[in-house]
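Have a look at data_38.cif; it's mmCIF, C-alpha atoms:
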```cif
data_upload
loop_
_atom_site.label_atom_id
_atom_site.label_comp_id
_atom_site.auth_asym_id
_atom_site.auth_seq_id
_atom_site.Cartn_x
_atom_site.Cartn_y
_atom_site.Cartn_z
CA MET A 1 -6.21 28.59 4.72
CA GLU A 2 -3.60 28.91 2.05
CA ALA A 3 -3.81 26.79 -1.07
CA GLU A 4 -0.50 25.05 -0.36
CA ALA A 5 -1.61 24.04 3.14
CA ALA A 6 -4.92 22.78 1.78
CA LYS A 7 -3.06 20.61 -0.74
CA PHE A 8 -0.97 19.01 2.01
CA LEU A 9 -4.01 18.45 4.17
CA ALA A 10 -6.00 16.92 1.31
CA ALA A 11 -3.11 14.62 0.35
CA GLY A 12 -2.73 13.45 3.94
CA VAL A 13 -6.44 12.75 4.29
CA ALA A 14 -6.48 10.91 0.95
CA VAL A 15 -3.64 8.60 1.93
CA GLY A 16 -4.84 8.17 5.50
CA LEU A 17 -8.40 7.22 4.64
CA GLY A 18 -7.29 5.36 1.53
CA ALA A 19 -4.97 3.12 3.55
CA LEU A 20 -7.38 2.53 6.42
CA GLY A 21 -9.79 0.27 4.54
CA PRO A 22 -7.16 -1.93 2.86
CA GLY A 23 -5.31 -2.30 6.15
CA ILE A 24 -8.43 -3.56 7.90
CA GLY A 25 -9.34 -5.72 4.91
CA GLU A 26 -5.94 -7.37 4.71
CA GLY A 27 -6.10 -8.17 8.40
CA ILE A 28 -9.48 -9.80 7.97
CA ILE A 29 -8.27 -11.76 4.94
CA ALA A 30 -5.21 -13.05 6.77
CA GLY A 31 -7.23 -13.91 9.87
CA TYR A 32 -9.78 -15.96 8.02
CA ALA A 33 -7.12 -17.67 5.90
CA LEU A 34 -5.06 -18.63 8.94
CA SER A 35 -8.20 -19.81 10.69
CA ALA A 36 -9.04 -22.02 7.72
CA ILE A 37 -5.49 -23.39 7.59
CA GLY A 38 -5.64 -24.07 11.32
CA ARG A 39 -8.81 -26.12 10.87
CA ASN A 40 -7.54 -27.97 7.79
CA PRO A 41 -3.73 -27.82 7.40
CA GLU A 42 -3.78 -29.97 4.27
CA ALA A 43 -5.66 -27.21 2.42
CA SER A 44 -2.93 -24.61 2.92
CA GLY A 45 -1.64 -25.17 -0.61
CA LYS A 46 -5.04 -24.15 -1.96
CA ILE A 47 -5.76 -21.33 0.49
CA MET A 48 -2.47 -19.42 0.44
CA PRO A 49 -2.47 -18.44 -3.27
CA PHE A 50 -6.02 -17.09 -2.99
CA MET A 51 -5.07 -15.24 0.19
CA PHE A 52 -2.14 -13.54 -1.53
CA ALA A 53 -4.24 -12.68 -4.58
CA THR A 54 -7.00 -11.07 -2.53
CA MET A 55 -4.45 -9.20 -0.42
CA ALA A 56 -2.89 -7.84 -3.62
CA VAL A 57 -6.29 -6.60 -4.78
CA ALA A 58 -6.89 -4.93 -1.41
CA GLU A 59 -3.42 -3.37 -1.46
CA SER A 60 -4.03 -1.93 -4.91
CA THR A 61 -6.73 0.27 -3.39
CA ALA A 62 -4.15 1.82 -1.07
CA ILE A 63 -1.81 2.34 -4.01
CA TYR A 64 -4.59 4.15 -5.87
CA ALA A 65 -5.05 6.40 -2.84
CA LEU A 66 -1.32 7.17 -2.91
CA VAL A 67 -1.53 8.04 -6.59
CA VAL A 68 -4.45 10.39 -5.89
CA ALA A 69 -2.47 12.04 -3.09
CA LEU A 70 0.54 12.53 -5.37
CA LEU A 71 -1.74 14.00 -8.03
CA ILE A 72 -3.15 16.42 -5.47
CA LEU A 73 0.35 17.47 -4.42
CA PHE A 74 2.04 17.79 -7.79
CA ALA A 75 -0.60 18.16 -10.51
CA PHE A 76 -2.81 20.90 -9.08
#
```
Output the file's structure in the form of structure tokens.
Amino acid sequence: MEAEAAKFLAAGVAVGLGALGPGIGEGIIAGYALSAIGRNPEASGKIMPFMFATMAVAESTAIYALVVALLILFAF
């Protein structure tokens, strides 16, 4: 395999696997938050900010994976 092809393959795997976990995690976060709001609608003002904060933390993992993929493509 040529080095250029290996770089593209490695970048694709990095982004693909790096986005898989945060995608599943954000779905779980949203599901549990909506379930909690459904059980107690008055608590939505307290639940929603924490939901968005934890989703942002999970999304940052995917952004780190994108940065690693861009480093693989352009830095090496």
Quiz item: Distance CA of Leu73 in chain A-CA of Ala58 in chain A, one decimal place?
Solution: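 Computing it gives 23.7 Å between the two atoms.
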Self-check item: Between CA of Lys46 in chain A and CA of Gly27 in chain A, distance in Å (one decimal)
Solution: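 Between these atoms lies a distance of 19.1 Å.
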Quiz item: Pick from A:Glu4, A:Leu70, A:Ile29, A:Gly38: nearest to Phe50 in chain A, with only C-alpha atoms counted?
Solution: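 Of the candidates, the smallest distance to Phe50 in chain A is held by A:Ile29.
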Practice problem: Just give me the gap between CA of Val68 in chain A and CA of Val15 in chain A in Å, one decimal is fine. | Solution: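 Spanning CA of Val68 in chain A to CA of Val15 in chain A is a straight-line distance of 8.1 Å.
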For range 17-26 of chain A: contacts at 12 Å, all atoms listed in the file, fewer than 6 positions along chain excluded, given as a PDB file with C-alpha atoms, keeping the file's coordinate frame:
```
ATOM      1  CA  ALA A  10      -6.000  16.920   1.310  1.00  0.00           C
ATOM      2  CA  ALA A  11      -3.110  14.620   0.350  1.00  0.00           C
ATOM      3  CA  TYR A  32      -9.780 -15.960   8.020  1.00  0.00           C
ATOM      4  CA  ALA A  33      -7.120 -17.670   5.900  1.00  0.00           C
ATOM      5  CA  MET A  51      -5.070 -15.240   0.190  1.00  0.00           C
ATOM      6  CA  PHE A  52      -2.140 -13.540  -1.530  1.00  0.00           C
ATOM      7  CA  ALA A  53      -4.240 -12.680  -4.580  1.00  0.00           C
ATOM      8  CA  THR A  54      -7.000 -11.070  -2.530  1.00  0.00           C
ATOM      9  CA  MET A  55      -4.450  -9.200  -0.420  1.00  0.00           C
ATOM     10  CA  ALA A  56      -2.890  -7.840  -3.620  1.00  0.00           C
ATOM     11  CA  VAL A  57      -6.290  -6.600  -4.780  1.00  0.00           C
ATOM     12  CA  ALA A  58      -6.890  -4.930  -1.410  1.00  0.00           C
ATOM     13  CA  GLU A  59      -3.420  -3.370  -1.460  1.00  0.00           C
ATOM     14  CA  SER A  60      -4.030  -1.930  -4.910  1.00  0.00           C
ATOM     15  CA  THR A  61      -6.730   0.270  -3.390  1.00  0.00           C
ATOM     16  CA  ALA A  62      -4.150   1.820  -1.070  1.00  0.00           C
ATOM     17  CA  ILE A  63      -1.810   2.340  -4.010  1.00  0.00           C
ATOM     18  CA  TYR A  64      -4.590   4.150  -5.870  1.00  0.00           C
ATOM     19  CA  ALA A  65      -5.050   6.400  -2.840  1.00  0.00           C
ATOM     20  CA  LEU A  66      -1.320   7.170  -2.910  1.00  0.00           C
ATOM     21  CA  VAL A  67      -1.530   8.040  -6.590  1.00  0.00           C
ATOM     22  CA  VAL A  68      -4.450  10.390  -5.890  1.00  0.00           C
ATOM     23  CA  ALA A  69      -2.470  12.040  -3.090  1.00  0.00           C
TER      24      ALA A  69
END
```
Report, as JSON, the centre and edge lengths in Å (one decimal) of the axis-aligned box enclosing every listed atom of range 41-50 of chain A, padded by 3 Å on each side.
```
{"center_x": -3.8, "center_y": -23.5, "center_z": 2.1, "size_x": 10.4, "size_y": 18.9, "size_z": 16.7}
```
Quiz prompt | Counting only C-alpha atoms, the residue of A:Met48, A:Met1, A:Ala14, A:Ala75 that sits nearest Ala36 in chain A | solution =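 Answer, going by the shortest atom-to-atom distance: A:Met48.
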Exercise. Using all atoms listed in the file, pick whichever of A:Ala30, A:Phe76, A:Leu71, A:Val13 has the shortest atom-to-atom distance to Pro49 in chain A.
Key: A:Ala30
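Each of A:Ile28, A:Ile72, A:Leu34, A:Ala43 was compared to Phe8 in chain A using only C-alpha atoms, and A:Ile72 turns out to be the nearest.
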Take range 19-37 of chain A, model N, CA and C atoms, and hand the result over as a compact mmCIF listing (two decimals), in the frame of the given file.
```
# COMPACT_ATOMS: atom_id res chain seq x y z
N ALA A 19 -5.72 4.26 3.03
CA ALA A 19 -4.97 3.12 3.55
C ALA A 19 -5.69 2.43 4.70
N LEU A 20 -6.67 3.09 5.28
CA LEU A 20 -7.38 2.53 6.42
C LEU A 20 -8.19 1.29 6.03
N GLY A 21 -8.96 1.39 4.99
CA GLY A 21 -9.79 0.27 4.54
C GLY A 21 -8.98 -0.95 4.11
N PRO A 22 -7.97 -0.77 3.24
CA PRO A 22 -7.16 -1.93 2.86
C PRO A 22 -6.41 -2.56 4.03
N GLY A 23 -5.99 -1.74 4.98
CA GLY A 23 -5.31 -2.30 6.15
C GLY A 23 -6.23 -3.20 6.96
N ILE A 24 -7.44 -2.75 7.17
CA ILE A 24 -8.43 -3.56 7.90
C ILE A 24 -8.79 -4.80 7.07
N GLY A 25 -8.98 -4.61 5.78
CA GLY A 25 -9.34 -5.72 4.91
C GLY A 25 -8.27 -6.79 4.84
N GLU A 26 -7.02 -6.38 4.76
CA GLU A 26 -5.94 -7.37 4.71
C GLU A 26 -5.84 -8.14 6.02
N GLY A 27 -6.09 -7.47 7.12
CA GLY A 27 -6.10 -8.17 8.40
C GLY A 27 -7.20 -9.20 8.48
N ILE A 28 -8.36 -8.85 7.98
CA ILE A 28 -9.48 -9.80 7.97
C ILE A 28 -9.18 -10.98 7.06
N ILE A 29 -8.62 -10.69 5.88
CA ILE A 29 -8.27 -11.76 4.94
C ILE A 29 -7.29 -12.72 5.57
N ALA A 30 -6.23 -12.19 6.16
CA ALA A 30 -5.21 -13.05 6.77
C ALA A 30 -5.79 -13.84 7.94
N GLY A 31 -6.64 -13.21 8.73
CA GLY A 31 -7.23 -13.91 9.87
C GLY A 31 -8.08 -15.08 9.45
N TYR A 32 -8.92 -14.87 8.47
CA TYR A 32 -9.78 -15.96 8.02
C TYR A 32 -8.97 -17.06 7.33
N ALA A 33 -7.94 -16.67 6.57
CA ALA A 33 -7.12 -17.67 5.90
C ALA A 33 -6.36 -18.51 6.92
N LEU A 34 -5.78 -17.87 7.92
CA LEU A 34 -5.06 -18.63 8.94
C LEU A 34 -6.01 -19.49 9.77
N SER A 35 -7.21 -19.01 9.99
CA SER A 35 -8.20 -19.81 10.69
C SER A 35 -8.56 -21.06 9.88
N ALA A 36 -8.72 -20.88 8.58
CA ALA A 36 -9.04 -22.02 7.72
C ALA A 36 -7.89 -23.01 7.67
N ILE A 37 -6.66 -22.51 7.61
CA ILE A 37 -5.49 -23.39 7.59
C ILE A 37 -5.36 -24.12 8.93
```
